[in-house]
Each structure stands twice: as structure tokens, then as C-alpha cells.
>>> print(open('run05.pdb').read())   # PDB, C-alpha atoms, pLDDT in the B column
ATOM      1  CA  MET A   1     -18.765 -19.610  11.927  1.00 48.00           C
ATOM      2  CA  THR A   2     -16.069 -19.184  14.568  1.00 55.00           C
ATOM      3  CA  MET A   3     -12.389 -18.971  13.833  1.00 51.00           C
ATOM      4  CA  THR A   4      -9.788 -21.087  15.533  1.00 57.00           C
ATOM      5  CA  ALA A   5      -6.975 -19.450  17.464  1.00 54.00           C
ATOM      6  CA  GLU A   6      -4.540 -20.503  14.736  1.00 58.00           C
ATOM      7  CA  ALA A   7      -6.627 -18.785  12.043  1.00 50.00           C
ATOM      8  CA  VAL A   8      -6.775 -15.591  14.088  1.00 46.00           C
ATOM      9  CA  GLU A   9      -2.997 -15.634  14.561  1.00 53.00           C
ATOM     10  CA  GLU A  10      -2.447 -16.101  10.828  1.00 52.00           C
ATOM     11  CA  GLN A  11      -4.541 -13.023  10.101  1.00 48.00           C
ATOM     12  CA  LYS A  12      -2.500 -10.826  12.405  1.00 49.00           C
ATOM     13  CA  VAL A  13       0.109  -8.929  10.442  1.00 53.00           C
ATOM     14  CA  GLU A  14       2.745  -7.059  12.363  1.00 59.00           C
ATOM     15  CA  LYS A  15       3.258  -3.558  11.011  1.00 70.00           C
ATOM     16  CA  GLN A  16       6.698  -2.886   9.612  1.00 83.00           C
ATOM     17  CA  TYR A  17       7.991   0.518  10.638  1.00 87.00           C
ATOM     18  CA  VAL A  18      10.222   2.637   8.415  1.00 94.00           C
ATOM     19  CA  LEU A  19      11.692   4.919  11.082  1.00 95.00           C
ATOM     20  CA  LYS A  20      14.196   3.509  13.542  1.00 95.00           C
ATOM     21  CA  VAL A  21      15.112   4.541  17.078  1.00 93.00           C
ATOM     22  CA  ILE A  22      18.261   6.216  15.775  1.00 97.00           C
ATOM     23  CA  ASP A  23      16.280   8.522  13.423  1.00 97.00           C
ATOM     24  CA  ARG A  24      16.132  12.019  14.909  1.00 98.00           C
ATOM     25  CA  CYS A  25      13.818  15.021  14.572  1.00 98.00           C
ATOM     26  CA  ASP A  26      15.316  17.725  12.342  1.00 97.00           C
ATOM     27  CA  SER A  27      14.068  20.392  14.786  1.00 97.00           C
ATOM     28  CA  CYS A  28      14.998  19.129  18.249  1.00 97.00           C
ATOM     29  CA  ASN A  29      16.898  15.818  18.005  1.00 94.00           C
ATOM     30  CA  ALA A  30      14.126  13.804  19.711  1.00 96.00           C
ATOM     31  CA  GLN A  31      13.189  10.424  18.228  1.00 96.00           C
ATOM     32  CA  ALA A  32      11.610  10.932  14.799  1.00 97.00           C
ATOM     33  CA  LEU A  33       8.103   9.525  14.419  1.00 97.00           C
ATOM     34  CA  VAL A  34       7.091  11.207  11.147  1.00 97.00           C
ATOM     35  CA  LEU A  35       8.940  11.153   7.834  1.00 98.00           C
ATOM     36  CA  VAL A  36       7.912  13.822   5.336  1.00 97.00           C
ATOM     37  CA  LYS A  37       9.027  13.278   1.747  1.00 97.00           C
ATOM     38  CA  GLY A  38       9.029  16.303  -0.538  1.00 96.00           C
ATOM     39  CA  VAL A  39      10.310  17.004  -4.019  1.00 92.00           C
ATOM     40  CA  THR A  40      13.437  18.676  -2.631  1.00 94.00           C
ATOM     41  CA  GLY A  41      14.203  16.108   0.079  1.00 95.00           C
ATOM     42  CA  GLU A  42      13.101  14.391   3.251  1.00 97.00           C
ATOM     43  CA  LEU A  43      12.471  15.766   6.725  1.00 97.00           C
ATOM     44  CA  MET A  44      12.005  13.853   9.976  1.00 98.00           C
ATOM     45  CA  PHE A  45      10.030  15.140  12.943  1.00 98.00           C
ATOM     46  CA  CYS A  46       9.030  14.165  16.439  1.00 96.00           C
ATOM     47  CA  GLY A  47       5.291  14.128  17.066  1.00 95.00           C
ATOM     48  CA  HIS A  48       5.331  17.613  18.628  1.00 96.00           C
ATOM     49  CA  HIS A  49       7.125  19.384  15.788  1.00 97.00           C
ATOM     50  CA  TYR A  50       5.116  17.595  13.100  1.00 97.00           C
ATOM     51  CA  ALA A  51       1.850  18.633  14.775  1.00 96.00           C
ATOM     52  CA  LYS A  52       3.130  22.190  15.139  1.00 97.00           C
ATOM     53  CA  ASN A  53       3.990  22.447  11.401  1.00 96.00           C
ATOM     54  CA  GLU A  54       1.524  19.956   9.926  1.00 95.00           C
ATOM     55  CA  LYS A  55      -0.348  22.368   7.641  1.00 94.00           C
ATOM     56  CA  ALA A  56       2.806  23.729   5.992  1.00 93.00           C
ATOM     57  CA  LEU A  57       4.298  20.253   5.714  1.00 93.00           C
ATOM     58  CA  GLN A  58       1.183  18.902   3.990  1.00 90.00           C
ATOM     59  CA  GLU A  59       1.687  21.504   1.269  1.00 90.00           C
ATOM     60  CA  PHE A  60       5.377  20.534   0.890  1.00 91.00           C
ATOM     61  CA  ALA A  61       4.968  16.759   1.038  1.00 95.00           C
ATOM     62  CA  TYR A  62       4.088  14.226  -1.588  1.00 96.00           C
ATOM     63  CA  GLU A  63       4.254  11.464   1.050  1.00 97.00           C
ATOM     64  CA  VAL A  64       3.986  11.457   4.848  1.00 96.00           C
ATOM     65  CA  ILE A  65       4.898   8.380   6.853  1.00 96.00           C
ATOM     66  CA  ASP A  66       3.308   8.881  10.257  1.00 95.00           C
ATOM     67  CA  GLU A  67       4.368   6.382  12.924  1.00 95.00           C
ATOM     68  CA  ARG A  68       3.105   8.252  15.977  1.00 93.00           C
ATOM     69  CA  GLU A  69       0.995   5.213  16.885  1.00 90.00           C
ATOM     70  CA  LYS A  70       4.234   3.709  18.228  1.00 85.00           C
ATOM     71  CA  LEU A  71       3.758   5.942  21.269  1.00 79.00           C
ATOM     72  CA  VAL A  72       0.372   4.378  21.986  1.00 72.00           C
ATOM     73  CA  GLN A  73       1.730   0.869  21.491  1.00 69.00           C
ATOM     74  CA  ASN A  74       4.621   1.561  23.860  1.00 64.00           C
ATOM     75  CA  ARG A  75       2.211   2.860  26.522  1.00 64.00           C
ATOM     76  CA  LEU A  76       0.031  -0.216  26.174  1.00 66.00           C
ATOM     77  CA  ILE A  77       3.036  -2.520  26.518  1.00 67.00           C
ATOM     78  CA  GLY A  78       4.260  -0.584  29.569  1.00 66.00           C
ATOM     79  CA  SER A  79       0.872  -0.664  31.288  1.00 65.00           C
ATOM     80  CA  ALA A  80       0.714  -4.465  30.914  1.00 63.00           C
ATOM     81  CA  ASN A  81       3.852  -4.913  33.024  1.00 59.00           C
TER      82      ASN A  81
END
>>> encode(input="run05.pdb", output="C-alpha cells")
Amino acid sequence: MTMTAEAVEEQKVEKQYVLKVIDRCDSCNAQALVLVKGVTGELMFCGHHYAKNEKALQEFAYEVIDEREKLVQNRLIGSAN
């Protein structure tokens, strides 16, 4: 059974991101792509600083919102132009 184009479009769900362009890394002020929620508060990191401290942050965090895939999406959009 093949799906119509309309059915395929209905199945696509656009991901809703939590972090905005104005959110900044707590280490270097670059755009934040990862939000780490811990018992004592929240921290925001760019991809570089999250990767650098990931092990320690995993121990601190009860929730990690990782939106680093935005970088890949932006590259794909840029390469299409």
C-alpha cells in the first residue's frame, strides 16, 4: 500500500525547540544548544562546552535537553541554497 503525498505530509511533525537564539552558553556566551536541568538549577551550554563537560553534567542533571541537531539542520538548509 502506498501513501499519498497528503498522508505523508500529515505524518510529518515539526520538532518544537525549547532553546531560542537569544539563549546563551553559561561558559562562553555562544548560542546555547543544550539545557541541563539539575536539582539546584539550570545551566545552558553551547555544543563545545557541553561535550567538554558531558560526564560531570550527566551526574548533576535530572534532565538534559539536547538540541545540537539544529546545527545539522542549518547546514542542510544552507547547502540547498
>>> atom_distance(input="run05.pdb", atom1="CA of His49 in chain A", atom2="CA of Tyr17 in chain A")
19.6 Å
>>> residues_near_point(input="run05.pdb", point="(4.6, 16.3, 1.6)", cutoff="12 Å", atoms="only C-alpha atoms", output="ChimeraX atom specification")
/A:34-44,50,53-66
>>> resolve_selection(input="run05.pdb", expression="the PyMOL selection byres ((chain A and resi 25) around 9)", output="count of residues only")
17
>>> build_atoms(input="run05.pdb", residues="range 43-71 of chain A", atoms="N, CA and C atoms", output="PDB file, in the coordinates of the input")
ATOM      1  N   LEU A  43      12.352  15.197   5.388  1.00 97.00           N
ATOM      2  CA  LEU A  43      12.471  15.766   6.725  1.00 97.00           C
ATOM      3  C   LEU A  43      11.902  14.766   7.721  1.00 97.00           C
ATOM      4  N   MET A  44      12.505  14.725   8.910  1.00 98.00           N
ATOM      5  CA  MET A  44      12.005  13.853   9.976  1.00 98.00           C
ATOM      6  C   MET A  44      11.630  14.715  11.171  1.00 98.00           C
ATOM      7  N   PHE A  45      10.521  14.351  11.818  1.00 98.00           N
ATOM      8  CA  PHE A  45      10.030  15.140  12.943  1.00 98.00           C
ATOM      9  C   PHE A  45       9.559  14.248  14.080  1.00 98.00           C
ATOM     10  N   CYS A  46       9.681  14.769  15.285  1.00 96.00           N
ATOM     11  CA  CYS A  46       9.030  14.165  16.439  1.00 96.00           C
ATOM     12  C   CYS A  46       7.537  14.494  16.310  1.00 96.00           C
ATOM     13  N   GLY A  47       6.726  13.881  17.137  1.00 95.00           N
ATOM     14  CA  GLY A  47       5.291  14.128  17.066  1.00 95.00           C
ATOM     15  C   GLY A  47       4.935  15.578  17.313  1.00 95.00           C
ATOM     16  N   HIS A  48       5.604  16.216  18.270  1.00 96.00           N
ATOM     17  CA  HIS A  48       5.331  17.613  18.628  1.00 96.00           C
ATOM     18  C   HIS A  48       5.604  18.558  17.463  1.00 96.00           C
ATOM     19  N   HIS A  49       6.769  18.456  16.860  1.00 97.00           N
ATOM     20  CA  HIS A  49       7.125  19.384  15.788  1.00 97.00           C
ATOM     21  C   HIS A  49       6.347  19.109  14.501  1.00 97.00           C
ATOM     22  N   TYR A  50       5.966  17.861  14.253  1.00 97.00           N
ATOM     23  CA  TYR A  50       5.116  17.595  13.100  1.00 97.00           C
ATOM     24  C   TYR A  50       3.747  18.233  13.304  1.00 97.00           C
ATOM     25  N   ALA A  51       3.169  18.043  14.490  1.00 96.00           N
ATOM     26  CA  ALA A  51       1.850  18.633  14.775  1.00 96.00           C
ATOM     27  C   ALA A  51       1.897  20.158  14.678  1.00 96.00           C
ATOM     28  N   LYS A  52       2.977  20.736  15.152  1.00 97.00           N
ATOM     29  CA  LYS A  52       3.130  22.190  15.139  1.00 97.00           C
ATOM     30  C   LYS A  52       3.188  22.736  13.708  1.00 97.00           C
ATOM     31  N   ASN A  53       3.777  21.984  12.773  1.00 96.00           N
ATOM     32  CA  ASN A  53       3.990  22.447  11.401  1.00 96.00           C
ATOM     33  C   ASN A  53       3.206  21.645  10.366  1.00 96.00           C
ATOM     34  N   GLU A  54       2.205  20.904  10.806  1.00 95.00           N
ATOM     35  CA  GLU A  54       1.524  19.956   9.926  1.00 95.00           C
ATOM     36  C   GLU A  54       0.937  20.599   8.667  1.00 95.00           C
ATOM     37  N   LYS A  55       0.286  21.733   8.803  1.00 94.00           N
ATOM     38  CA  LYS A  55      -0.348  22.368   7.641  1.00 94.00           C
ATOM     39  C   LYS A  55       0.682  22.727   6.566  1.00 94.00           C
ATOM     40  N   ALA A  56       1.763  23.350   6.958  1.00 93.00           N
ATOM     41  CA  ALA A  56       2.806  23.729   5.992  1.00 93.00           C
ATOM     42  C   ALA A  56       3.470  22.489   5.396  1.00 93.00           C
ATOM     43  N   LEU A  57       3.657  21.463   6.206  1.00 93.00           N
ATOM     44  CA  LEU A  57       4.298  20.253   5.714  1.00 93.00           C
ATOM     45  C   LEU A  57       3.405  19.503   4.732  1.00 93.00           C
ATOM     46  N   GLN A  58       2.104  19.550   4.919  1.00 90.00           N
ATOM     47  CA  GLN A  58       1.183  18.902   3.990  1.00 90.00           C
ATOM     48  C   GLN A  58       1.284  19.525   2.600  1.00 90.00           C
ATOM     49  N   GLU A  59       1.532  20.822   2.548  1.00 90.00           N
ATOM     50  CA  GLU A  59       1.687  21.504   1.269  1.00 90.00           C
ATOM     51  C   GLU A  59       3.013  21.143   0.593  1.00 90.00           C
ATOM     52  N   PHE A  60       4.046  20.871   1.388  1.00 91.00           N
ATOM     53  CA  PHE A  60       5.377  20.534   0.890  1.00 91.00           C
ATOM     54  C   PHE A  60       5.464  19.064   0.455  1.00 91.00           C
ATOM     55  N   ALA A  61       4.756  18.197   1.153  1.00 95.00           N
ATOM     56  CA  ALA A  61       4.968  16.759   1.038  1.00 95.00           C
ATOM     57  C   ALA A  61       4.196  16.109  -0.106  1.00 95.00           C
ATOM     58  N   TYR A  62       4.819  15.115  -0.701  1.00 96.00           N
ATOM     59  CA  TYR A  62       4.088  14.226  -1.588  1.00 96.00           C
ATOM     60  C   TYR A  62       3.820  12.897  -0.889  1.00 96.00           C
ATOM     61  N   GLU A  63       4.504  12.652   0.243  1.00 97.00           N
ATOM     62  CA  GLU A  63       4.254  11.464   1.050  1.00 97.00           C
ATOM     63  C   GLU A  63       4.606  11.761   2.503  1.00 97.00           C
ATOM     64  N   VAL A  64       3.732  11.327   3.415  1.00 96.00           N
ATOM     65  CA  VAL A  64       3.986  11.457   4.848  1.00 96.00           C
ATOM     66  C   VAL A  64       3.864  10.069   5.458  1.00 96.00           C
ATOM     67  N   ILE A  65       4.915   9.649   6.138  1.00 96.00           N
ATOM     68  CA  ILE A  65       4.898   8.380   6.853  1.00 96.00           C
ATOM     69  C   ILE A  65       4.792   8.725   8.330  1.00 96.00           C
ATOM     70  N   ASP A  66       3.624   8.488   8.884  1.00 95.00           N
ATOM     71  CA  ASP A  66       3.308   8.881  10.257  1.00 95.00           C
ATOM     72  C   ASP A  66       3.289   7.636  11.139  1.00 95.00           C
ATOM     73  N   GLU A  67       4.249   7.536  12.036  1.00 95.00           N
ATOM     74  CA  GLU A  67       4.368   6.382  12.924  1.00 95.00           C
ATOM     75  C   GLU A  67       4.142   6.767  14.390  1.00 95.00           C
ATOM     76  N   ARG A  68       3.361   7.810  14.606  1.00 93.00           N
ATOM     77  CA  ARG A  68       3.105   8.252  15.977  1.00 93.00           C
ATOM     78  C   ARG A  68       2.333   7.219  16.791  1.00 93.00           C
ATOM     79  N   GLU A  69       1.701   6.249  16.140  1.00 90.00           N
ATOM     80  CA  GLU A  69       0.995   5.213  16.885  1.00 90.00           C
ATOM     81  C   GLU A  69       1.946   4.352  17.707  1.00 90.00           C
ATOM     82  N   LYS A  70       3.248   4.421  17.405  1.00 85.00           N
ATOM     83  CA  LYS A  70       4.234   3.709  18.228  1.00 85.00           C
ATOM     84  C   LYS A  70       4.159   4.158  19.686  1.00 85.00           C
ATOM     85  N   LEU A  71       3.861   5.426  19.903  1.00 79.00           N
ATOM     86  CA  LEU A  71       3.758   5.942  21.269  1.00 79.00           C
ATOM     87  C   LEU A  71       2.636   5.244  22.024  1.00 79.00           C
TER      88      LEU A  71
END
